[in-house]
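Dumped query.pdb below, it's PDB, C-alpha atoms, pLDDT in the B column:
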```
ATOM      1  CA  MET A  12     -28.614  -8.499 -22.311  1.00 55.00           C
ATOM      2  CA  GLU A  13     -25.564 -10.515 -21.319  1.00 81.00           C
ATOM      3  CA  ILE A  14     -22.624  -8.867 -19.609  1.00 85.00           C
ATOM      4  CA  PRO A  15     -19.420  -9.993 -21.347  1.00 90.00           C
ATOM      5  CA  ARG A  16     -16.665 -11.804 -19.429  1.00 93.00           C
ATOM      6  CA  GLU A  17     -13.895 -10.031 -21.338  1.00 93.00           C
ATOM      7  CA  LYS A  18     -11.615  -7.508 -19.693  1.00 94.00           C
ATOM      8  CA  GLY A  19     -12.411  -3.888 -20.310  1.00 94.00           C
ATOM      9  CA  TYR A  20     -13.493  -0.483 -19.090  1.00 95.00           C
ATOM     10  CA  TYR A  21     -16.887   0.756 -17.993  1.00 97.00           C
ATOM     11  CA  ILE A  22     -18.767   3.895 -17.041  1.00 97.00           C
ATOM     12  CA  LEU A  23     -21.554   3.926 -14.485  1.00 97.00           C
ATOM     13  CA  LEU A  24     -24.243   6.590 -14.619  1.00 97.00           C
ATOM     14  CA  ILE A  25     -25.232   6.930 -10.973  1.00 97.00           C
ATOM     15  CA  ASN A  26     -28.226   8.706  -9.464  1.00 97.00           C
ATOM     16  CA  VAL A  27     -28.106  10.016  -5.898  1.00 98.00           C
ATOM     17  CA  ASP A  28     -31.735  10.797  -5.051  1.00 97.00           C
ATOM     18  CA  SER A  29     -31.025  13.063  -2.048  1.00 98.00           C
ATOM     19  CA  THR A  30     -28.000  14.776  -0.522  1.00 98.00           C
ATOM     20  CA  ILE A  31     -26.186  12.271   1.712  1.00 98.00           C
ATOM     21  CA  ASN A  32     -22.991  11.963   3.743  1.00 98.00           C
ATOM     22  CA  ILE A  33     -21.087   8.686   3.490  1.00 97.00           C
ATOM     23  CA  LYS A  34     -17.810   7.518   5.003  1.00 97.00           C
ATOM     24  CA  ILE A  35     -15.745   6.380   2.023  1.00 97.00           C
ATOM     25  CA  GLY A  36     -12.903   4.190   3.309  1.00 92.00           C
ATOM     26  CA  SER A  37      -9.682   6.155   3.803  1.00 90.00           C
ATOM     27  CA  LEU A  38     -11.168   9.262   2.126  1.00 96.00           C
ATOM     28  CA  GLY A  39     -13.374   9.840   5.177  1.00 96.00           C
ATOM     29  CA  LEU A  40     -16.805  11.446   5.343  1.00 98.00           C
ATOM     30  CA  ILE A  41     -17.905  12.849   1.978  1.00 98.00           C
ATOM     31  CA  LYS A  42     -21.018  14.826   1.109  1.00 98.00           C
ATOM     32  CA  PHE A  43     -22.718  13.680  -2.083  1.00 98.00           C
ATOM     33  CA  LYS A  44     -25.113  16.193  -3.577  1.00 98.00           C
ATOM     34  CA  LYS A  45     -28.387  15.067  -5.066  1.00 98.00           C
ATOM     35  CA  GLY A  46     -27.994  14.464  -8.778  1.00 98.00           C
ATOM     36  CA  PHE A  47     -26.184  12.405 -11.372  1.00 98.00           C
ATOM     37  CA  TYR A  48     -22.597  11.177 -11.265  1.00 98.00           C
ATOM     38  CA  ILE A  49     -20.275   9.540 -13.770  1.00 98.00           C
ATOM     39  CA  TYR A  50     -17.925   6.853 -12.470  1.00 98.00           C
ATOM     40  CA  ILE A  51     -15.182   5.394 -14.676  1.00 98.00           C
ATOM     41  CA  GLY A  52     -13.660   2.005 -13.857  1.00 97.00           C
ATOM     42  CA  SER A  53     -11.696  -0.896 -15.236  1.00 95.00           C
ATOM     43  CA  ALA A  54     -12.367  -4.609 -15.108  1.00 94.00           C
ATOM     44  CA  CYS A  55      -9.085  -6.272 -15.955  1.00 89.00           C
ATOM     45  CA  GLY A  56      -9.090  -8.965 -13.271  1.00 87.00           C
ATOM     46  CA  PRO A  57     -10.658 -12.428 -13.136  1.00 88.00           C
ATOM     47  CA  GLY A  58     -14.212 -12.463 -14.452  1.00 91.00           C
ATOM     48  CA  GLY A  59     -13.707  -9.253 -16.427  1.00 94.00           C
ATOM     49  CA  LEU A  60     -16.627  -6.916 -17.027  1.00 95.00           C
ATOM     50  CA  ARG A  61     -19.299  -9.397 -15.961  1.00 94.00           C
ATOM     51  CA  ALA A  62     -17.839  -9.946 -12.484  1.00 94.00           C
ATOM     52  CA  ARG A  63     -17.159  -6.261 -11.835  1.00 95.00           C
ATOM     53  CA  ILE A  64     -20.518  -4.976 -13.074  1.00 94.00           C
ATOM     54  CA  ARG A  65     -22.430  -7.675 -11.199  1.00 93.00           C
ATOM     55  CA  ARG A  66     -20.602  -6.637  -8.019  1.00 95.00           C
ATOM     56  CA  HIS A  67     -21.559  -3.002  -8.552  1.00 95.00           C
ATOM     57  CA  LEU A  68     -25.219  -3.932  -9.037  1.00 94.00           C
ATOM     58  CA  ARG A  69     -25.391  -5.787  -5.688  1.00 93.00           C
ATOM     59  CA  LYS A  70     -26.346  -3.655  -2.670  1.00 93.00           C
ATOM     60  CA  MET A  71     -24.989  -6.163  -0.148  1.00 94.00           C
ATOM     61  CA  LYS A  72     -21.224  -6.657  -0.295  1.00 94.00           C
ATOM     62  CA  ASN A  73     -18.123  -6.199   1.778  1.00 95.00           C
ATOM     63  CA  PRO A  74     -16.903  -2.748   0.739  1.00 94.00           C
ATOM     64  CA  TYR A  75     -13.469  -2.821  -0.859  1.00 94.00           C
ATOM     65  CA  TRP A  76     -13.319  -0.033  -3.442  1.00 95.00           C
ATOM     66  CA  HIS A  77     -14.411   3.566  -2.883  1.00 97.00           C
ATOM     67  CA  ILE A  78     -17.350   3.046  -5.227  1.00 98.00           C
ATOM     68  CA  ASP A  79     -18.663   0.162  -3.073  1.00 97.00           C
ATOM     69  CA  TYR A  80     -19.371   2.513  -0.164  1.00 97.00           C
ATOM     70  CA  LEU A  81     -21.377   4.820  -2.415  1.00 98.00           C
ATOM     71  CA  LEU A  82     -23.329   2.136  -4.280  1.00 98.00           C
ATOM     72  CA  MET A  83     -24.375   0.357  -1.076  1.00 97.00           C
ATOM     73  CA  ASN A  84     -26.373   3.398   0.049  1.00 97.00           C
ATOM     74  CA  GLU A  85     -30.177   3.156  -0.229  1.00 97.00           C
ATOM     75  CA  HIS A  86     -30.355   6.593  -1.923  1.00 98.00           C
ATOM     76  CA  VAL A  87     -27.996   5.565  -4.738  1.00 97.00           C
ATOM     77  CA  SER A  88     -28.759   3.644  -7.936  1.00 96.00           C
ATOM     78  CA  ILE A  89     -27.104   2.870 -11.248  1.00 96.00           C
ATOM     79  CA  ASN A  90     -29.178   4.109 -14.202  1.00 94.00           C
ATOM     80  CA  ALA A  91     -27.013   3.005 -17.130  1.00 94.00           C
ATOM     81  CA  ILE A  92     -23.703   1.370 -17.912  1.00 95.00           C
ATOM     82  CA  TRP A  93     -21.412   1.881 -20.895  1.00 96.00           C
ATOM     83  CA  TYR A  94     -18.582  -0.564 -21.482  1.00 95.00           C
ATOM     84  CA  PHE A  95     -15.651  -1.125 -23.807  1.00 93.00           C
ATOM     85  CA  ILE A  96     -13.931  -4.467 -24.313  1.00 91.00           C
ATOM     86  CA  ALA A  97     -10.164  -3.998 -23.980  1.00 86.00           C
ATOM     87  CA  LYS A  98      -7.992  -4.888 -26.932  1.00 77.00           C
ATOM     88  CA  GLU A  99      -4.361  -5.876 -26.313  1.00 64.00           C
ATOM     89  CA  SER A 100      -3.112  -2.571 -27.702  1.00 56.00           C
ATOM     90  CA  SER A 101      -6.003  -0.461 -26.433  1.00 70.00           C
ATOM     91  CA  LEU A 102      -5.696   2.870 -24.683  1.00 82.00           C
ATOM     92  CA  ASP A 103      -6.197   3.172 -20.946  1.00 91.00           C
ATOM     93  CA  LEU A 104      -9.755   4.426 -21.366  1.00 94.00           C
ATOM     94  CA  GLU A 105     -10.214   4.797 -17.610  1.00 95.00           C
ATOM     95  CA  SER A 106      -7.555   7.521 -17.418  1.00 95.00           C
ATOM     96  CA  LEU A 107      -8.313   8.989 -20.848  1.00 95.00           C
ATOM     97  CA  ILE A 108     -11.983   9.601 -20.079  1.00 96.00           C
ATOM     98  CA  SER A 109     -11.212  10.806 -16.543  1.00 97.00           C
ATOM     99  CA  LYS A 110      -8.694  13.353 -17.783  1.00 96.00           C
ATOM    100  CA  ASN A 111     -11.269  14.675 -20.266  1.00 97.00           C
ATOM    101  CA  LEU A 112     -13.790  15.156 -17.455  1.00 97.00           C
ATOM    102  CA  ASN A 113     -11.387  16.975 -15.088  1.00 95.00           C
ATOM    103  CA  ASN A 114     -12.017  20.427 -16.574  1.00 91.00           C
ATOM    104  CA  LEU A 115     -15.694  19.888 -17.349  1.00 95.00           C
ATOM    105  CA  LEU A 116     -17.237  18.631 -14.111  1.00 97.00           C
ATOM    106  CA  ASP A 117     -16.818  18.805 -10.356  1.00 97.00           C
ATOM    107  CA  PHE A 118     -15.158  15.755  -8.846  1.00 97.00           C
ATOM    108  CA  ILE A 119     -14.205  14.188  -5.537  1.00 96.00           C
ATOM    109  CA  LYS A 120     -10.420  14.263  -5.400  1.00 96.00           C
ATOM    110  CA  GLY A 121      -8.847  10.827  -5.148  1.00 97.00           C
ATOM    111  CA  PHE A 122     -12.118   8.916  -5.484  1.00 98.00           C
ATOM    112  CA  GLY A 123     -11.625   5.557  -7.189  1.00 97.00           C
ATOM    113  CA  CYS A 124      -8.125   6.241  -8.490  1.00 96.00           C
ATOM    114  CA  SER A 125      -5.774   5.059  -5.726  1.00 92.00           C
ATOM    115  CA  ASP A 126      -4.065   2.811  -8.279  1.00 90.00           C
ATOM    116  CA  LYS A 127      -3.578   5.701 -10.734  1.00 92.00           C
ATOM    117  CA  PRO A 128      -1.806   8.585  -8.974  1.00 90.00           C
ATOM    118  CA  SER A 129      -1.777  10.717 -12.139  1.00 93.00           C
ATOM    119  CA  ASP A 130      -5.615  10.728 -12.225  1.00 96.00           C
ATOM    120  CA  LEU A 131      -7.419  13.310 -10.069  1.00 97.00           C
ATOM    121  CA  SER A 132     -10.609  11.268  -9.684  1.00 98.00           C
ATOM    122  CA  HIS A 133     -12.814   8.645 -11.280  1.00 98.00           C
ATOM    123  CA  LEU A 134     -16.104  10.101  -9.939  1.00 98.00           C
ATOM    124  CA  TYR A 135     -17.645  13.234 -11.471  1.00 98.00           C
ATOM    125  CA  TYR A 136     -20.762  15.218 -10.575  1.00 98.00           C
ATOM    126  CA  CYS A 137     -23.031  16.263 -13.474  1.00 97.00           C
ATOM    127  CA  GLY A 138     -25.771  18.012 -11.519  1.00 96.00           C
ATOM    128  CA  LEU A 139     -29.503  17.435 -11.556  1.00 96.00           C
ATOM    129  CA  GLU A 140     -29.990  17.003 -15.301  1.00 95.00           C
ATOM    130  CA  LEU A 141     -29.348  13.565 -16.769  1.00 93.00           C
ATOM    131  CA  TYR A 142     -28.798  14.918 -20.280  1.00 94.00           C
ATOM    132  CA  ILE A 143     -25.672  16.796 -19.121  1.00 95.00           C
ATOM    133  CA  CYS A 144     -23.891  13.519 -18.294  1.00 95.00           C
ATOM    134  CA  ILE A 145     -24.986  11.900 -21.537  1.00 95.00           C
ATOM    135  CA  ASN A 146     -24.012  14.871 -23.734  1.00 96.00           C
ATOM    136  CA  ILE A 147     -20.561  15.149 -22.152  1.00 97.00           C
ATOM    137  CA  LEU A 148     -19.887  11.427 -22.548  1.00 97.00           C
ATOM    138  CA  ASN A 149     -21.106  11.452 -26.155  1.00 96.00           C
ATOM    139  CA  ARG A 150     -18.710  14.325 -26.973  1.00 97.00           C
ATOM    140  CA  ILE A 151     -15.786  12.367 -25.488  1.00 96.00           C
ATOM    141  CA  PHE A 152     -16.801   9.201 -27.356  1.00 96.00           C
ATOM    142  CA  LYS A 153     -16.975  11.168 -30.611  1.00 96.00           C
ATOM    143  CA  LYS A 154     -13.643  12.939 -29.982  1.00 96.00           C
ATOM    144  CA  TYR A 155     -11.825   9.585 -29.665  1.00 93.00           C
ATOM    145  CA  ASN A 156     -13.987   7.630 -32.111  1.00 93.00           C
ATOM    146  CA  LEU A 157     -15.150   5.285 -29.335  1.00 92.00           C
ATOM    147  CA  THR A 158     -18.187   3.070 -29.764  1.00 91.00           C
ATOM    148  CA  PRO A 159     -19.317   1.808 -26.368  1.00 92.00           C
ATOM    149  CA  HIS A 160     -21.914  -0.803 -25.640  1.00 91.00           C
ATOM    150  CA  ILE A 161     -24.648   0.675 -23.450  1.00 88.00           C
ATOM    151  CA  PHE A 162     -27.500  -0.696 -21.455  1.00 79.00           C
ATOM    152  CA  HIS A 163     -29.861   0.433 -18.763  1.00 74.00           C
ATOM    153  CA  THR A 164     -29.836  -1.585 -15.565  1.00 70.00           C
ATOM    154  CA  THR A 165     -33.383  -2.788 -16.245  1.00 61.00           C
ATOM    155  CA  ASP A 166     -32.069  -4.500 -19.402  1.00 58.00           C
ATOM    156  CA  LEU A 167     -29.436  -6.577 -17.607  1.00 51.00           C
ATOM    157  CA  ASN A 168     -29.343 -10.314 -17.331  1.00 49.00           C
ATOM    158  CA  THR A 169     -26.806 -10.682 -14.503  1.00 45.00           C
ATOM    159  CA  SER A 170     -26.768 -14.468 -14.451  1.00 43.00           C
TER     160      SER A 170
END
```

This structure in structure tokens:
Amino acid sequence: MEIPREKGYYILLINVDSTINIKIGSLGLIKFKKGFYIYIGSACGPGGLRARIRRHLRKMKNPYWHIDYLLMNEHVSINAIWYFIAKESSLDLESLISKNLNNLLDFIKGFGCSDKPSDLSHLYYCGLELYICINILNRIFKKYNLTPHIFHTTDLNTS
């Protein structure tokens, strides 16, 4: 499956296979519990979705964003990715989805949202059951009539 070059928004379904502590840039040392996490991001710069997703899939990189520090850890993997291609008049799906998750899931305050001070976080903890993440996301997609593209990381052609 090809990753599109268009600008857009994406959601990473992340698995942390054991409890770990990681220094996350200016946020400092953070404890990540074993389980599944939802991360919401945007890819509106050069290269669009393809460049951003390919970066996230690489373990070796110079950390820049909060999510880089987490994804570089050997106990962390991306299980699936949903994405939306941005239309000129589209909603800010990054903030919209994040605000819907605020009251549903635990989150790490300030993670991944330095550029959006009105957002509390862009990383949410679902617990140990994968279906919880998927059910919550599906309810949000249905609520806003969103139809994301989805693929599992094993389906990716990152070239």

Q: Apply the PyMOL selection byres ((chain A and resi 44) around 7) to the displayed file and report the matching residues as a PyMOL selection string.
A: chain A and resi 29-31+42-43+45-46

Q. Any idea what the distance is between CA of Met83 (chain A) and CA of Phe95 (chain A)?
A.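 Pair CA of Met83 (chain A) / CA of Phe95 (chain A) returns 24.4 Å.
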
Q | Spatial neighbours of Gly138 (chain A), 12 Å, all atoms listed in the file, chain gap at least 5 places, as an MDAnalysis selection string | A | chainID A and resid 24:30 43:49 115:118 143:145

Q. Nearest to Thr164 (chain A): which of A:Lys120, A:Arg65, A:Arg150, A:Arg16 is it, counting all atoms listed in the file?
A.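 Using all atoms listed in the file, Thr164 (chain A) sits closest to A:Arg65.
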
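Interatomic distance, CA of Asp79 (chain A) against CA of Leu148 (chain A): 22.5 Å.
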
**Q.** Residue nearest Tyr155 (chain A) among A:Leu141, A:Met71, A:Leu107, A:Leu38 (counting only C-alpha atoms)
**A.** A:Leu107

Resolved residues for the PyMOL selection byres ((chain A and resi 126) around 12) as a PDB file with C-alpha atoms, in the coordinates of the input:
```pdb
ATOM      1  CA  GLY A  52     -13.660   2.005 -13.857  1.00 97.00           C
ATOM      2  CA  SER A  53     -11.696  -0.896 -15.236  1.00 95.00           C
ATOM      3  CA  TRP A  76     -13.319  -0.033  -3.442  1.00 95.00           C
ATOM      4  CA  HIS A  77     -14.411   3.566  -2.883  1.00 97.00           C
ATOM      5  CA  GLU A 105     -10.214   4.797 -17.610  1.00 95.00           C
ATOM      6  CA  SER A 106      -7.555   7.521 -17.418  1.00 95.00           C
ATOM      7  CA  GLY A 121      -8.847  10.827  -5.148  1.00 97.00           C
ATOM      8  CA  PHE A 122     -12.118   8.916  -5.484  1.00 98.00           C
ATOM      9  CA  GLY A 123     -11.625   5.557  -7.189  1.00 97.00           C
ATOM     10  CA  CYS A 124      -8.125   6.241  -8.490  1.00 96.00           C
ATOM     11  CA  SER A 125      -5.774   5.059  -5.726  1.00 92.00           C
ATOM     12  CA  LYS A 127      -3.578   5.701 -10.734  1.00 92.00           C
ATOM     13  CA  PRO A 128      -1.806   8.585  -8.974  1.00 90.00           C
ATOM     14  CA  SER A 129      -1.777  10.717 -12.139  1.00 93.00           C
ATOM     15  CA  ASP A 130      -5.615  10.728 -12.225  1.00 96.00           C
ATOM     16  CA  LEU A 131      -7.419  13.310 -10.069  1.00 97.00           C
ATOM     17  CA  SER A 132     -10.609  11.268  -9.684  1.00 98.00           C
ATOM     18  CA  HIS A 133     -12.814   8.645 -11.280  1.00 98.00           C
TER      19      HIS A 133
END
```

Q: To one decimal in Å, tell me the separation between CA of Val87 (chain A) and CA of Ile22 (chain A).
A: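 Taking CA of Val87 (chain A) and CA of Ile22 (chain A), their separation equals 15.5 Å.
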
Hey, can I get the axis-aligned box for region 71-77 of chain A? All listed atoms, 3 Å padding on each side, centre and edge lengths in Å to one decimal, as JSON.
```
{"center_x": -19.2, "center_y": -1.5, "center_z": -0.8, "size_x": 17.7, "size_y": 16.2, "size_z": 11.2}
```

Q) Can you tell me, as a VMD selection string, what residues are no more than 8 Å from Cys55 (chain A) when counting only C-alpha atoms, ignoring any on the same chain fewer than 3 positions away? A) chain A and resid 18 to 20 59 to 60

**Q.** Which of A:Leu68, A:Leu157, A:Ala54, A:Leu104 sits closest to Ser88 (chain A) [using only C-alpha atoms]
**A.**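 For Ser88 (chain A), the nearest of the given residues is A:Leu68.
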
Missing atoms in region 36-70 of chain A need filling: write out N, CA and C atoms for it as a PDB file, in the coordinates of the input.
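Output below, filename rebuild-v3.pdb:
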```pdb
ATOM      1  N   GLY A  36     -14.209   4.753   2.973  1.00 92.00           N
ATOM      2  CA  GLY A  36     -12.903   4.190   3.309  1.00 92.00           C
ATOM      3  C   GLY A  36     -11.944   5.218   3.870  1.00 92.00           C
ATOM      4  N   SER A  37     -10.735   5.248   3.328  1.00 90.00           N
ATOM      5  CA  SER A  37      -9.682   6.155   3.803  1.00 90.00           C
ATOM      6  C   SER A  37      -9.917   7.609   3.408  1.00 90.00           C
ATOM      7  N   LEU A  38     -10.865   7.882   2.511  1.00 96.00           N
ATOM      8  CA  LEU A  38     -11.168   9.262   2.126  1.00 96.00           C
ATOM      9  C   LEU A  38     -11.955   9.993   3.207  1.00 96.00           C
ATOM     10  N   GLY A  39     -12.606   9.241   4.092  1.00 96.00           N
ATOM     11  CA  GLY A  39     -13.374   9.840   5.177  1.00 96.00           C
ATOM     12  C   GLY A  39     -14.795  10.188   4.771  1.00 96.00           C
ATOM     13  N   LEU A  40     -15.422  11.067   5.564  1.00 98.00           N
ATOM     14  CA  LEU A  40     -16.805  11.446   5.343  1.00 98.00           C
ATOM     15  C   LEU A  40     -16.908  12.403   4.155  1.00 98.00           C
ATOM     16  N   ILE A  41     -17.747  12.047   3.189  1.00 98.00           N
ATOM     17  CA  ILE A  41     -17.905  12.849   1.978  1.00 98.00           C
ATOM     18  C   ILE A  41     -19.387  13.162   1.789  1.00 98.00           C
ATOM     19  N   LYS A  42     -19.656  14.407   1.415  1.00 98.00           N
ATOM     20  CA  LYS A  42     -21.018  14.826   1.109  1.00 98.00           C
ATOM     21  C   LYS A  42     -21.263  14.631  -0.383  1.00 98.00           C
ATOM     22  N   PHE A  43     -22.307  13.896  -0.704  1.00 98.00           N
ATOM     23  CA  PHE A  43     -22.718  13.680  -2.083  1.00 98.00           C
ATOM     24  C   PHE A  43     -23.999  14.464  -2.313  1.00 98.00           C
ATOM     25  N   LYS A  44     -23.942  15.395  -3.252  1.00 98.00           N
ATOM     26  CA  LYS A  44     -25.113  16.193  -3.577  1.00 98.00           C
ATOM     27  C   LYS A  44     -26.097  15.351  -4.384  1.00 98.00           C
ATOM     28  N   LYS A  45     -27.356  15.697  -4.246  1.00 98.00           N
ATOM     29  CA  LYS A  45     -28.387  15.067  -5.066  1.00 98.00           C
ATOM     30  C   LYS A  45     -28.059  15.322  -6.531  1.00 98.00           C
ATOM     31  N   GLY A  46     -28.222  14.297  -7.356  1.00 98.00           N
ATOM     32  CA  GLY A  46     -27.994  14.464  -8.778  1.00 98.00           C
ATOM     33  C   GLY A  46     -27.322  13.248  -9.398  1.00 98.00           C
ATOM     34  N   PHE A  47     -26.774  13.478 -10.582  1.00 98.00           N
ATOM     35  CA  PHE A  47     -26.184  12.405 -11.372  1.00 98.00           C
ATOM     36  C   PHE A  47     -24.663  12.482 -11.345  1.00 98.00           C
ATOM     37  N   TYR A  48     -24.046  11.310 -11.311  1.00 98.00           N
ATOM     38  CA  TYR A  48     -22.597  11.177 -11.265  1.00 98.00           C
ATOM     39  C   TYR A  48     -22.148  10.218 -12.359  1.00 98.00           C
ATOM     40  N   ILE A  49     -20.936  10.452 -12.839  1.00 98.00           N
ATOM     41  CA  ILE A  49     -20.275   9.540 -13.770  1.00 98.00           C
ATOM     42  C   ILE A  49     -19.117   8.901 -13.018  1.00 98.00           C
ATOM     43  N   TYR A  50     -19.053   7.579 -13.064  1.00 98.00           N
ATOM     44  CA  TYR A  50     -17.925   6.853 -12.470  1.00 98.00           C
ATOM     45  C   TYR A  50     -17.260   6.045 -13.568  1.00 98.00           C
ATOM     46  N   ILE A  51     -15.935   6.133 -13.674  1.00 98.00           N
ATOM     47  CA  ILE A  51     -15.182   5.394 -14.676  1.00 98.00           C
ATOM     48  C   ILE A  51     -14.355   4.326 -13.974  1.00 98.00           C
ATOM     49  N   GLY A  52     -14.412   3.093 -14.478  1.00 97.00           N
ATOM     50  CA  GLY A  52     -13.660   2.005 -13.857  1.00 97.00           C
ATOM     51  C   GLY A  52     -13.085   1.052 -14.882  1.00 97.00           C
ATOM     52  N   SER A  53     -12.275   0.140 -14.381  1.00 95.00           N
ATOM     53  CA  SER A  53     -11.696  -0.896 -15.236  1.00 95.00           C
ATOM     54  C   SER A  53     -12.022  -2.256 -14.641  1.00 95.00           C
ATOM     55  N   ALA A  54     -12.066  -3.240 -15.511  1.00 94.00           N
ATOM     56  CA  ALA A  54     -12.367  -4.609 -15.108  1.00 94.00           C
ATOM     57  C   ALA A  54     -11.364  -5.514 -15.803  1.00 94.00           C
ATOM     58  N   CYS A  55     -10.152  -5.513 -15.306  1.00 89.00           N
ATOM     59  CA  CYS A  55      -9.085  -6.272 -15.955  1.00 89.00           C
ATOM     60  C   CYS A  55      -8.662  -7.504 -15.153  1.00 89.00           C
ATOM     61  N   GLY A  56      -9.397  -7.801 -14.089  1.00 87.00           N
ATOM     62  CA  GLY A  56      -9.090  -8.965 -13.271  1.00 87.00           C
ATOM     63  C   GLY A  56      -9.912 -10.171 -13.684  1.00 87.00           C
ATOM     64  N   PRO A  57      -9.882 -11.221 -12.847  1.00 88.00           N
ATOM     65  CA  PRO A  57     -10.658 -12.428 -13.136  1.00 88.00           C
ATOM     66  C   PRO A  57     -12.146 -12.110 -13.255  1.00 88.00           C
ATOM     67  N   GLY A  58     -12.788 -12.683 -14.251  1.00 91.00           N
ATOM     68  CA  GLY A  58     -14.212 -12.463 -14.452  1.00 91.00           C
ATOM     69  C   GLY A  58     -14.530 -11.264 -15.317  1.00 91.00           C
ATOM     70  N   GLY A  59     -13.549 -10.387 -15.525  1.00 94.00           N
ATOM     71  CA  GLY A  59     -13.707  -9.253 -16.427  1.00 94.00           C
ATOM     72  C   GLY A  59     -14.899  -8.369 -16.104  1.00 94.00           C
ATOM     73  N   LEU A  60     -15.515  -7.855 -17.157  1.00 95.00           N
ATOM     74  CA  LEU A  60     -16.627  -6.916 -17.027  1.00 95.00           C
ATOM     75  C   LEU A  60     -17.818  -7.524 -16.284  1.00 95.00           C
ATOM     76  N   ARG A  61     -18.131  -8.776 -16.592  1.00 94.00           N
ATOM     77  CA  ARG A  61     -19.299  -9.397 -15.961  1.00 94.00           C
ATOM     78  C   ARG A  61     -19.162  -9.420 -14.439  1.00 94.00           C
ATOM     79  N   ALA A  62     -18.024  -9.864 -13.935  1.00 94.00           N
ATOM     80  CA  ALA A  62     -17.839  -9.946 -12.484  1.00 94.00           C
ATOM     81  C   ALA A  62     -17.884  -8.564 -11.829  1.00 94.00           C
ATOM     82  N   ARG A  63     -17.218  -7.590 -12.439  1.00 95.00           N
ATOM     83  CA  ARG A  63     -17.159  -6.261 -11.835  1.00 95.00           C
ATOM     84  C   ARG A  63     -18.519  -5.568 -11.854  1.00 95.00           C
ATOM     85  N   ILE A  64     -19.208  -5.630 -12.976  1.00 94.00           N
ATOM     86  CA  ILE A  64     -20.518  -4.976 -13.074  1.00 94.00           C
ATOM     87  C   ILE A  64     -21.534  -5.657 -12.159  1.00 94.00           C
ATOM     88  N   ARG A  65     -21.513  -6.965 -12.104  1.00 93.00           N
ATOM     89  CA  ARG A  65     -22.430  -7.675 -11.199  1.00 93.00           C
ATOM     90  C   ARG A  65     -22.183  -7.270  -9.758  1.00 93.00           C
ATOM     91  N   ARG A  66     -20.929  -7.084  -9.378  1.00 95.00           N
ATOM     92  CA  ARG A  66     -20.602  -6.637  -8.019  1.00 95.00           C
ATOM     93  C   ARG A  66     -21.212  -5.260  -7.768  1.00 95.00           C
ATOM     94  N   HIS A  67     -21.037  -4.358  -8.728  1.00 95.00           N
ATOM     95  CA  HIS A  67     -21.559  -3.002  -8.552  1.00 95.00           C
ATOM     96  C   HIS A  67     -23.081  -2.991  -8.421  1.00 95.00           C
ATOM     97  N   LEU A  68     -23.760  -3.897  -9.073  1.00 94.00           N
ATOM     98  CA  LEU A  68     -25.219  -3.932  -9.037  1.00 94.00           C
ATOM     99  C   LEU A  68     -25.774  -4.504  -7.726  1.00 94.00           C
ATOM    100  N   ARG A  69     -24.949  -5.230  -6.977  1.00 93.00           N
ATOM    101  CA  ARG A  69     -25.391  -5.787  -5.688  1.00 93.00           C
ATOM    102  C   ARG A  69     -25.321  -4.714  -4.601  1.00 93.00           C
ATOM    103  N   LYS A  70     -26.358  -4.594  -3.798  1.00 93.00           N
ATOM    104  CA  LYS A  70     -26.346  -3.655  -2.670  1.00 93.00           C
ATOM    105  C   LYS A  70     -25.556  -4.228  -1.500  1.00 93.00           C
TER     106      LYS A  70
END
```
